[in-house]
Structure formats: structure tokens, C-alpha cells
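**Student:** For reference, the file input_1.cif (mmCIF, C-alpha atoms) is included below:
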data_model
#
loop_
_atom_site.group_PDB
_atom_site.id
_atom_site.type_symbol
_atom_site.label_atom_id
_atom_site.label_comp_id
_atom_site.auth_asym_id
_atom_site.auth_seq_id
_atom_site.Cartn_x
_atom_site.Cartn_y
_atom_site.Cartn_z
ATOM 1 C CA MET A 1 170.315 129.343 107.615
ATOM 2 C CA SER A 2 171.510 131.122 104.476
ATOM 3 C CA LEU A 3 175.038 131.100 103.103
ATOM 4 C CA ASP A 4 177.009 134.219 102.287
ATOM 5 C CA VAL A 5 178.368 134.746 98.788
ATOM 6 C CA VAL A 6 181.747 135.927 100.121
ATOM 7 C CA ASP A 7 182.212 132.712 102.119
ATOM 8 C CA LEU A 8 181.211 130.623 99.108
ATOM 9 C CA ARG A 9 183.685 132.410 96.853
ATOM 10 C CA SER A 10 186.449 131.942 99.436
ATOM 11 C CA PHE A 11 185.652 128.237 99.757
ATOM 12 C CA TYR A 12 185.962 127.573 96.028
ATOM 13 C CA ALA A 13 189.249 129.489 95.938
ATOM 14 C CA ALA A 14 190.695 127.172 98.638
ATOM 15 C CA PRO A 15 192.059 123.635 98.049
ATOM 16 C CA LEU A 16 188.960 121.838 99.404
ATOM 17 C CA GLY A 17 186.727 123.951 97.185
ATOM 18 C CA ARG A 18 188.833 123.166 94.130
ATOM 19 C CA ILE A 19 188.543 119.462 94.924
ATOM 20 C CA ALA A 20 184.752 119.735 95.252
ATOM 21 C CA HIS A 21 184.543 121.680 92.004
ATOM 22 C CA ARG A 22 186.669 119.152 90.141
ATOM 23 C CA TYR A 23 184.561 116.082 90.902
ATOM 24 C CA VAL A 24 181.124 117.677 90.792
ATOM 25 C CA ALA A 25 181.902 119.442 87.502
ATOM 26 C CA ARG A 26 183.157 116.154 86.072
ATOM 27 C CA THR A 27 179.850 114.450 86.892
ATOM 28 C CA LEU A 28 177.871 117.306 85.326
ATOM 29 C CA ARG A 29 179.917 117.066 82.141
ATOM 30 C CA GLU A 30 179.527 113.307 81.915
ATOM 31 C CA TRP A 31 175.756 113.550 82.259
ATOM 32 C CA TRP A 32 175.392 116.562 79.943
ATOM 33 C CA PRO A 33 178.088 116.109 77.291
ATOM 34 C CA ASN A 34 176.448 118.495 74.820
ATOM 35 C CA THR A 35 174.323 121.565 75.542
ATOM 36 C CA THR A 36 174.576 123.167 72.122
ATOM 37 C CA GLY A 37 171.680 125.528 71.448
ATOM 38 C CA MET A 38 170.272 125.148 74.964
ATOM 39 C CA ALA A 39 169.549 127.648 77.726
ATOM 40 C CA VAL A 40 171.461 126.669 80.873
ATOM 41 C CA MET A 41 170.779 128.188 84.275
ATOM 42 C CA GLY A 42 172.324 127.814 87.719
ATOM 43 C CA LEU A 43 170.320 128.448 90.883
ATOM 44 C CA GLY A 44 171.916 128.962 94.276
ATOM 45 C CA TYR A 45 175.687 129.302 93.977
ATOM 46 C CA ALA A 46 176.259 127.351 90.784
ATOM 47 C CA VAL A 47 178.562 129.712 88.871
ATOM 48 C CA PRO A 48 181.706 127.575 89.494
ATOM 49 C CA TYR A 49 180.025 124.787 87.507
ATOM 50 C CA LEU A 50 178.549 126.848 84.662
ATOM 51 C CA GLY A 51 181.734 127.914 82.916
ATOM 52 C CA GLN A 52 182.099 124.606 81.057
ATOM 53 C CA PHE A 53 178.808 125.229 79.213
ATOM 54 C CA ARG A 54 179.450 128.808 78.071
ATOM 55 C CA ASP A 55 181.173 127.940 74.768
ATOM 56 C CA GLU A 56 178.314 125.825 73.438
ATOM 57 C CA ALA A 57 175.051 126.839 75.144
ATOM 58 C CA VAL A 58 173.051 129.654 73.612
ATOM 59 C CA ARG A 59 172.560 131.244 77.036
ATOM 60 C CA VAL A 60 174.108 130.641 80.478
ATOM 61 C CA ILE A 61 172.872 132.565 83.528
ATOM 62 C CA GLY A 62 173.324 132.255 87.275
ATOM 63 C CA LEU A 63 170.578 133.293 89.698
ATOM 64 C CA MET A 64 171.422 133.699 93.368
ATOM 65 C CA PRO A 65 169.098 133.985 96.406
ATOM 66 C CA ALA A 66 168.625 137.403 97.950
ATOM 67 C CA GLU A 67 169.696 136.134 101.404
ATOM 68 C CA GLN A 68 172.973 134.869 99.962
ATOM 69 C CA GLY A 69 174.048 137.841 97.849
ATOM 70 C CA VAL A 70 175.153 138.073 94.241
ATOM 71 C CA LEU A 71 178.558 137.807 92.592
ATOM 72 C CA HIS A 72 179.610 139.414 89.320
ATOM 73 C CA TRP A 73 180.168 136.611 86.808
ATOM 74 C CA PRO A 74 181.811 135.667 84.425
ATOM 75 C CA GLY A 75 184.104 138.652 84.962
ATOM 76 C CA THR A 76 183.471 140.533 81.721
ATOM 77 C CA ASP A 77 181.733 143.871 81.292
ATOM 78 C CA VAL A 78 178.333 142.200 80.894
ATOM 79 C CA THR A 79 177.233 140.169 83.917
ATOM 80 C CA SER A 80 175.248 136.934 83.651
ATOM 81 C CA THR A 81 174.106 136.800 87.270
ATOM 82 C CA ALA A 82 171.156 138.312 89.113
ATOM 83 C CA LEU A 83 169.711 138.500 92.618
ATOM 84 C CA VAL A 84 166.328 136.724 92.868
ATOM 85 C CA GLU A 85 163.811 135.172 95.195
ATOM 86 C CA PRO A 86 164.108 131.403 94.479
ATOM 87 C CA ALA A 87 160.366 130.800 94.975
ATOM 88 C CA SER A 88 159.459 133.581 92.519
ATOM 89 C CA LEU A 89 161.840 133.646 89.563
ATOM 90 C CA PRO A 90 161.591 136.557 87.082
ATOM 91 C CA LEU A 91 161.442 134.205 84.096
ATOM 92 C CA PRO A 92 158.664 133.114 81.724
ATOM 93 C CA ASP A 93 157.289 129.587 81.715
ATOM 94 C CA GLY A 94 159.326 126.864 80.020
ATOM 95 C CA CYS A 95 162.356 128.973 79.072
ATOM 96 C CA ILE A 96 165.209 126.856 80.540
ATOM 97 C CA ASP A 97 166.492 123.568 79.087
ATOM 98 C CA ARG A 98 169.114 122.617 81.686
ATOM 99 C CA LEU A 99 169.252 123.742 85.316
ATOM 100 C CA VAL A 100 171.889 123.187 88.017
ATOM 101 C CA VAL A 101 170.914 123.592 91.691
ATOM 102 C CA VAL A 102 173.825 123.891 94.144
ATOM 103 C CA HIS A 103 173.958 125.320 97.699
ATOM 104 C CA LEU A 104 170.222 125.938 97.753
ATOM 105 C CA LEU A 105 167.847 123.140 98.780
ATOM 106 C CA GLU A 106 169.628 122.370 102.043
ATOM 107 C CA VAL A 107 169.344 126.012 103.207
ATOM 108 C CA ALA A 108 165.953 126.839 101.636
ATOM 109 C CA GLU A 109 163.159 127.547 104.108
ATOM 110 C CA HIS A 110 160.546 126.021 101.778
ATOM 111 C CA PRO A 111 162.297 123.661 99.330
ATOM 112 C CA ARG A 112 159.007 122.442 97.830
ATOM 113 C CA GLU A 113 158.082 125.966 96.749
ATOM 114 C CA VAL A 114 161.513 126.363 95.165
ATOM 115 C CA LEU A 115 161.102 123.122 93.224
ATOM 116 C CA ASP A 116 157.605 124.144 92.113
ATOM 117 C CA GLU A 117 159.083 127.322 90.653
ATOM 118 C CA ILE A 118 161.876 125.362 88.970
ATOM 119 C CA TRP A 119 159.242 123.094 87.424
ATOM 120 C CA ARG A 120 157.519 126.163 85.997
ATOM 121 C CA VAL A 121 160.576 127.639 84.267
ATOM 122 C CA LEU A 122 161.863 124.317 82.905
ATOM 123 C CA ALA A 123 160.948 123.603 79.304
ATOM 124 C CA PRO A 124 159.068 120.407 78.382
ATOM 125 C CA GLY A 125 161.696 117.695 78.392
ATOM 126 C CA GLY A 126 164.032 119.897 80.455
ATOM 127 C CA ARG A 127 166.409 118.397 82.973
ATOM 128 C CA MET A 128 167.748 119.460 86.336
ATOM 129 C CA ILE A 129 170.773 118.368 88.372
ATOM 130 C CA VAL A 130 170.581 118.826 92.139
ATOM 131 C CA VAL A 131 173.742 118.790 94.248
ATOM 132 C CA ALA A 132 172.941 118.378 97.947
ATOM 133 C CA PRO A 133 174.898 117.224 101.024
ATOM 134 C CA ASN A 134 174.561 113.612 102.059
ATOM 135 C CA ARG A 135 173.377 113.235 105.638
ATOM 136 C CA ARG A 136 175.545 110.127 106.019
ATOM 137 C CA GLY A 137 178.686 111.780 104.705
ATOM 138 C CA TRP A 138 181.536 113.518 106.493
ATOM 139 C CA TRP A 139 181.032 116.820 104.692
ATOM 140 C CA ALA A 140 177.616 117.371 106.286
ATOM 141 C CA ARG A 141 179.022 116.870 109.804
ATOM 142 C CA VAL A 142 181.579 119.667 109.839
ATOM 143 C CA ASP A 143 180.954 123.362 109.371
ATOM 144 C CA THR A 144 184.309 124.127 107.768
ATOM 145 C CA THR A 145 182.708 123.901 104.297
ATOM 146 C CA PRO A 146 179.400 125.291 102.932
ATOM 147 C CA PHE A 147 178.057 121.735 102.660
ATOM 148 C CA GLY A 148 177.959 121.530 106.473
ATOM 149 C CA PHE A 149 175.172 124.115 106.762
ATOM 150 C CA GLY A 150 171.447 123.588 106.507
ATOM 151 C CA GLN A 151 169.514 120.333 106.254
ATOM 152 C CA PRO A 152 171.338 117.404 104.578
ATOM 153 C CA PHE A 153 169.369 114.740 102.716
ATOM 154 C CA SER A 154 169.328 110.999 102.378
ATOM 155 C CA LYS A 155 168.797 109.419 98.978
ATOM 156 C CA SER A 156 165.213 108.430 99.813
ATOM 157 C CA GLN A 157 164.402 111.932 101.083
ATOM 158 C CA LEU A 158 165.626 113.532 97.866
ATOM 159 C CA ASN A 159 163.736 110.979 95.793
ATOM 160 C CA THR A 160 160.490 111.656 97.684
ATOM 161 C CA LEU A 161 160.946 115.431 97.509
ATOM 162 C CA LEU A 162 161.480 115.383 93.758
ATOM 163 C CA ARG A 163 158.562 113.067 93.058
ATOM 164 C CA ASP A 164 156.208 115.100 95.237
ATOM 165 C CA THR A 165 157.056 118.191 93.168
ATOM 166 C CA LEU A 166 156.423 116.473 89.803
ATOM 167 C CA PHE A 167 159.995 115.539 88.884
ATOM 168 C CA SER A 168 161.137 112.108 87.757
ATOM 169 C CA PRO A 169 164.592 111.197 89.162
ATOM 170 C CA GLU A 170 166.564 109.651 86.300
ATOM 171 C CA ARG A 171 169.856 108.770 87.968
ATOM 172 C CA PHE A 172 171.653 109.182 91.260
ATOM 173 C CA GLY A 173 175.352 109.745 91.762
ATOM 174 C CA GLU A 174 177.693 110.557 94.633
ATOM 175 C CA ALA A 175 180.800 112.656 94.940
ATOM 176 C CA LEU A 176 183.451 113.711 97.473
ATOM 177 C CA TYR A 177 184.596 110.547 99.196
ATOM 178 C CA VAL A 178 187.683 112.423 100.356
ATOM 179 C CA PRO A 179 187.440 113.597 103.996
ATOM 180 C CA PRO A 180 186.991 117.383 104.431
ATOM 181 C CA LEU A 181 190.309 117.758 106.262
ATOM 182 C CA ARG A 182 192.743 120.620 105.820
ATOM 183 C CA PHE A 183 195.861 118.506 105.334
ATOM 184 C CA ARG A 184 197.972 118.471 102.205
ATOM 185 C CA SER A 185 198.459 114.710 102.454
ATOM 186 C CA VAL A 186 194.690 114.223 102.268
ATOM 187 C CA TRP A 187 194.409 116.568 99.292
ATOM 188 C CA ARG A 188 197.062 114.605 97.407
ATOM 189 C CA LEU A 189 195.078 111.396 97.943
ATOM 190 C CA ALA A 190 191.765 112.906 96.781
ATOM 191 C CA ALA A 191 191.881 111.111 93.430
ATOM 192 C CA MET A 192 192.466 107.759 95.149
ATOM 193 C CA PHE A 193 189.595 108.329 97.612
ATOM 194 C CA GLU A 194 187.262 109.252 94.773
ATOM 195 C CA ALA A 195 188.243 106.352 92.518
ATOM 196 C CA CYS A 196 187.938 103.749 95.288
ATOM 197 C CA GLY A 197 184.631 105.128 96.546
ATOM 198 C CA CYS A 198 183.033 105.201 93.109
ATOM 199 C CA TRP A 199 184.370 101.815 92.049
ATOM 200 C CA LEU A 200 183.342 100.046 95.260
ATOM 201 C CA GLY A 201 180.084 101.994 95.706
ATOM 202 C CA LEU A 202 180.954 102.849 99.288
ATOM 203 C CA PRO A 203 178.447 104.727 101.475
ATOM 204 C CA GLY A 204 179.321 108.003 103.117
ATOM 205 C CA ALA A 205 180.089 110.219 100.141
ATOM 206 C CA GLY A 206 179.857 113.919 100.856
ATOM 207 C CA LEU A 207 177.332 114.855 98.181
ATOM 208 C CA HIS A 208 174.315 113.498 96.339
ATOM 209 C CA VAL A 209 174.169 114.374 92.646
ATOM 210 C CA VAL A 210 170.708 113.720 91.187
ATOM 211 C CA GLU A 211 169.437 114.254 87.658
ATOM 212 C CA ALA A 212 165.671 114.653 87.293
ATOM 213 C CA SER A 213 163.348 115.365 84.381
ATOM 214 C CA LYS A 214 160.153 117.378 84.390
ATOM 215 C CA GLN A 215 156.839 115.514 84.434
ATOM 216 C CA LEU A 216 154.532 117.103 81.900
ATOM 217 C CA TYR A 217 151.205 116.000 83.363
ATOM 218 C CA ARG A 218 149.945 116.377 86.894
ATOM 219 C CA PRO A 219 148.592 113.077 88.280
ATOM 220 C CA ILE A 220 144.974 113.023 89.501
ATOM 221 C CA PRO A 221 144.469 111.109 92.775
ATOM 222 C CA LEU A 222 142.056 108.191 92.444
ATOM 223 C CA ARG A 223 140.394 109.008 95.759
ATOM 224 C CA LYS A 224 139.203 112.396 94.525
ATOM 225 C CA THR A 225 137.864 110.876 91.319
ATOM 226 C CA ALA A 226 135.889 108.292 93.264
ATOM 227 C CA LYS A 227 134.338 110.981 95.428
ATOM 228 C CA ARG A 228 133.090 112.834 92.374
ATOM 229 C CA GLY A 229 131.132 109.749 91.216
ATOM 230 C CA ILE A 230 129.141 109.482 94.442
ATOM 231 C CA PRO A 231 125.883 111.508 94.250
ATOM 232 C CA LYS A 232 125.486 114.228 96.816
ATOM 233 C CA LEU A 233 122.814 113.449 99.410
ATOM 234 C CA ASP A 234 120.925 116.082 101.363
ATOM 235 C CA PRO A 235 121.011 115.336 105.108
ATOM 236 C CA VAL A 236 117.699 114.797 106.922
ATOM 237 C CA LEU A 237 117.831 115.601 110.612
ATOM 238 C CA ALA A 238 114.424 114.203 111.642
ATOM 239 C CA PRO A 239 111.697 112.089 109.960
ATOM 240 C CA VAL A 240 108.549 113.914 108.781
ATOM 241 C CA ALA A 241 105.184 112.318 109.612
ATOM 242 C CA GLY A 242 103.420 113.420 106.469
ATOM 243 C CA ARG A 243 106.198 112.092 104.304
ATOM 244 C CA LEU A 244 106.058 108.682 105.972
ATOM 245 C CA ALA A 245 102.265 108.571 105.617
ATOM 246 C CA ARG A 246 102.433 109.351 101.929
ATOM 247 C CA ARG A 247 105.077 106.682 101.429
ATOM 248 C CA SER A 248 102.889 104.074 103.208
ATOM 249 C CA GLN A 249 99.964 104.621 100.788
ATOM 250 C CA PRO A 250 99.987 102.467 97.646
ATOM 251 C CA SER A 251 100.462 104.313 94.426
ATOM 252 C CA GLY A 252 100.064 103.699 90.711
ATOM 253 C CA ARG A 253 98.286 100.652 89.381
ATOM 254 C CA ASP A 254 98.487 98.734 92.669
ATOM 255 C CA GLY A 255 96.681 101.569 94.470
ATOM 256 C CA SER A 256 93.746 101.685 91.976
ATOM 257 C CA ILE A 257 93.294 97.890 92.222
ATOM 258 C CA ALA A 258 93.129 98.109 95.989
ATOM 259 C CA ARG A 259 90.421 100.830 95.802
ATOM 260 C CA ARG A 260 88.297 98.744 93.355
ATOM 261 C CA THR A 261 88.549 95.672 95.580
ATOM 262 C CA GLY A 262 87.379 97.630 98.580
ATOM 263 C CA SER A 263 84.256 99.052 96.738
ATOM 264 C CA ILE A 264 83.279 95.569 95.496
ATOM 265 C CA GLU A 265 83.407 94.188 99.013
ATOM 266 C CA ARG A 266 81.108 96.979 100.301
ATOM 267 C CA GLN A 267 78.508 96.314 97.541
ATOM 268 C CA GLN A 268 78.390 92.597 98.409
ATOM 269 C CA ARG A 269 77.670 93.446 102.040
#
Could you render the structure from this file as C-alpha cells?
**Tutor:**
Amino acid sequence: MSLDVVDLRSFYAAPLGRIAHRYVARTLREWWPNTTGMAVMGLGYAVPYLGQFRDEAVRVIGLMPAEQGVLHWPGTDVTSTALVEPASLPLPDGCIDRLVVVHLLEVAEHPREVLDEIWRVLAPGGRMIVVAPNRRGWWARVDTTPFGFGQPFSKSQLNTLLRDTLFSPERFGEALYVPPLRFRSVWRLAAMFEACGCWLGLPGAGLHVVEASKQLYRPIPLRKTAKRGIPKLDPVLAPVAGRLARRSQPSGRDGSIARRTGSIERQQR
């Protein structure tokens, strides 16, 4: 199930969207305090979180899935967004240093193919931050926010998915302990919910925030290597009489000795 760009824009203009933006953007800034001279890219609907990197990064772009739609950003005459197919990005290999993935993996039909393509465009030593709904959190259980659509993840599922696609998870974080309720009293207590949840390490946060680095070498399974060392044998369906007879005859030096012994015995007779 794909998200619509108009609904996403409306969500981030509402109070709950501003709360989500505040705490996710704060985590991104803490983990990436300096992106000077780097190429930063957002995939999915990541433009609300890319503005903080525009003053220092050499290039900041936002790529959005074709099913979702594209939004003009950052609002100047020149746009920094484009409509793409996430599993086939129009970028050369190793051209991106930092990549933010938001509102994508949970609604992607083939998330492994998307991550394979992200691995291709990331530079050696590049890093990626994935923001995905937590299957144990409240935000994934209601459809009043974009995080309630698609397939939520557990921490172990995200870890396995990243490792299977040649990424090394470096650190895990959580955000949005505040309930996704449309009450002003809840919005006013958002800072308290977030501080208590982070300090106590409570389960049930709305989002997983994961930073992963690109593995430079593809591992070779030991089982395949062992198979290569075993010589290939041609199958024999039935024994051949001539072959067995030839094998039963002595050969080499032992065969010549046997023939001499037999001739000597005949002469003595």
C-alpha cells in the first residue's frame, strides 16, 4: 500500500506531524552533526528532515517513489526533488555519502531490492538512517498517521533485513513515545513522554531509527566453497563386464611375475 504525497504533506503540517518531525530530526542531527562537503539524499518522503543539512552539505536531494508522487522542494525556483523507481535509481555507483530513508520500507513491495539499490549508490564508508514504524508501538496500530500504513518492523526484523542486504547496523534508537492522539493536552506533554521514554528505555515507541554502514565486501558462504573442492564424479548406471574383468587381471610388475611362475611350473611337469 503506497502513501500519497498530499496526505504526507498534510500530516507534517498538522500538530502530530510537527511532533514527529521534531524528535526524528533531533536524532538525525545528533548522529550526523557535520555533513560538510558530503552528498546527502532522502528516499521516500524525507524532505521534512533534509532542510537541516542544506547549509553545509555540498548537495541535498530528495527522491520520491512514483506510486507516492513528488513534491516541489525546497520551494525555490530550482527543485531538488525527483520522481523515481526506488529499486532502480537514476544515479551512478557510490555517489551518495549520507542517505535518509523515511516512509518507504514499510510500504515497499520488495524492500530487499530497494536496499540493494541503496547499497549500490552509497559511497564506500557511506551511512544510511532508516526510520520505520515499530510493530509494538501505538503509531503502527492506528491509521490516522502515515506510520500506520504498510508493514511495521520489530528491531530483530530490521537487523536481519539490513544484514541480509550487506549493511552493518551501527546503532538503534527509538522515537515518538507520545501517543498518536489528537488532543491538545497530549501534545503539550509530548516532551515529557519523550524524555521519560528515552531515559527509562521503555518499549512501545512509535518509530525505530537505525543507522547502518555499507559493507564493502560480499561474504562467500563456506558451504559453496566446500563444494568446489570436491571433485566431480561421473555417474555410472550399471557395471560393465569387460571393465570388471580387466580390473581383476594383475598388472605391472606383479602381473609379469605371475606369468613367469606359471611357465616355470609347466616346464617342471
**Student:** Write out as a list in words which residues come within 6 Å of segment 147-156 of chain A when counting all atoms listed in the file, dropping same-chain ones fewer than 2 positions away.
**Tutor:**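 Near segment 147-156 of chain A, the qualifying residues are Met1, Glu106, Val107, Pro133, Asn134, Arg135, Trp139, Ala140, Arg141, Val142, Asp143, Thr145, Leu158 and Asn159 of chain A.
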**Student:** Can you list, as a list in words, every protein, DNA or RNA residue that comes within 10 Å of Asp55 of chain A when you count all atoms listed in the file, leaving out same-chain residues fewer than 5 positions away?
**Tutor:**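 The filter keeps Thr35, Thr36 and Val60 of chain A.
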**Student:** Which residue is closest to Thr81 of chain A? Choose from A:Val101, A:Ala57, A:Cys196, A:Leu50 and count all atoms listed in the file.
**Tutor:**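 Closest to Thr81 of chain A, using all atoms listed in the file: A:Leu50.
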**Student:** Where does the PyMOL selection byres ((chain A and resi 2) around 12) land in this file, that is, which residues does it pick, as a list of chain:residue names?
**Tutor:** A:Met1, A:Leu3, A:Asp4, A:Val5, A:Asp7, A:Leu8, A:Gly44, A:Tyr45, A:Met64, A:Pro65, A:Ala66, A:Glu67, A:Gln68, A:Gly69, A:His103, A:Leu104, A:Leu105, A:Glu106, A:Val107, A:Ala108, A:Glu109, A:Pro146, A:Phe147, A:Gly148, A:Phe149, A:Gly150, A:Gln151
**Student:** If you measure from atom CA of Ser80 of chain A to atom CA of Phe53 of chain A, what distance in Å do you get, rounded to one decimal?
**Tutor:**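 Between atom CA of Ser80 of chain A and atom CA of Phe53 of chain A the gap is 13.0 Å.
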**Student:** So how far away is atom CA of Ala13 of chain A from atom CA of Tyr177 of chain A, in Å?
**Tutor:**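 Taking atom CA of Tyr177 of chain A as the start and atom CA of Ala13 of chain A as the end point, the length is 19.8 Å.
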**Student:** Any idea what's packed within 9 Å of segment 160-166 of chain A, counting only C-alpha atoms, ignoring anything in its chain fewer than 5 positions away? Could you give it as a PDB file with C-alpha atoms, in the coordinates of the input?
**Tutor:**
ATOM      1  CA  PRO A 111     162.297 123.661  99.330  1.00  0.00           C
ATOM      2  CA  ARG A 112     159.007 122.442  97.830  1.00  0.00           C
ATOM      3  CA  GLU A 113     158.082 125.966  96.749  1.00  0.00           C
ATOM      4  CA  LEU A 115     161.102 123.122  93.224  1.00  0.00           C
ATOM      5  CA  ASP A 116     157.605 124.144  92.113  1.00  0.00           C
ATOM      6  CA  TRP A 119     159.242 123.094  87.424  1.00  0.00           C
ATOM      7  CA  LYS A 155     168.797 109.419  98.978  1.00  0.00           C
ATOM      8  CA  ALA A 212     165.671 114.653  87.293  1.00  0.00           C
ATOM      9  CA  SER A 213     163.348 115.365  84.381  1.00  0.00           C
ATOM     10  CA  LYS A 214     160.153 117.378  84.390  1.00  0.00           C
ATOM     11  CA  GLN A 215     156.839 115.514  84.434  1.00  0.00           C
ATOM     12  CA  LEU A 216     154.532 117.103  81.900  1.00  0.00           C
ATOM     13  CA  TYR A 217     151.205 116.000  83.363  1.00  0.00           C
ATOM     14  CA  ARG A 218     149.945 116.377  86.894  1.00  0.00           C
ATOM     15  CA  PRO A 219     148.592 113.077  88.280  1.00  0.00           C
TER      16      PRO A 219
END
**Student:** Hey, can you check how far atom CA of Leu99 of chain A sits from atom CA of Gly197 of chain A?
**Tutor:** 26.6 Å
**Student:** Which residues match the PyMOL selection byres ((chain A and resi 97) around 7) in the file above, as a list in words?
**Tutor:** Met38, Ala39, Val40, Cys95, Ile96, Arg98, Leu99, Leu122, Ala123, Gly126 and Arg127 of chain A
**Student:** The selected residues should be written to file as an mmCIF file, in the coordinates of the input (atoms: C-alpha atoms).
**Tutor:**
data_model
loop_
_atom_site.group_PDB
_atom_site.id
_atom_site.type_symbol
_atom_site.label_atom_id
_atom_site.label_comp_id
_atom_site.auth_asym_id
_atom_site.auth_seq_id
_atom_site.Cartn_x
_atom_site.Cartn_y
_atom_site.Cartn_z
ATOM 1 C CA MET A 38 170.272 125.148 74.964
ATOM 2 C CA ALA A 39 169.549 127.648 77.726
ATOM 3 C CA VAL A 40 171.461 126.669 80.873
ATOM 4 C CA CYS A 95 162.356 128.973 79.072
ATOM 5 C CA ILE A 96 165.209 126.856 80.540
ATOM 6 C CA ARG A 98 169.114 122.617 81.686
ATOM 7 C CA LEU A 99 169.252 123.742 85.316
ATOM 8 C CA LEU A 122 161.863 124.317 82.905
ATOM 9 C CA ALA A 123 160.948 123.603 79.304
ATOM 10 C CA GLY A 126 164.032 119.897 80.455
ATOM 11 C CA ARG A 127 166.409 118.397 82.973
#
**Student:** Using all atoms listed in the file, which protein or nucleic acid residues come within 6 Å of Val131 of chain A? Drop anything in the same chain fewer than 2 positions from it, and give the result as a list in words.
**Tutor:**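 Selected residues are Val102, His208 and Val209 of chain A.
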**Student:** Point out the residue among A:Gly94, A:Trp73, A:Thr144, A:Gln157 with the least atom-to-atom distance to Pro124 of chain A, counting all atoms listed in the file.
**Tutor:**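 Using all atoms listed in the file, the shortest distance to Pro124 of chain A belongs to A:Gly94.
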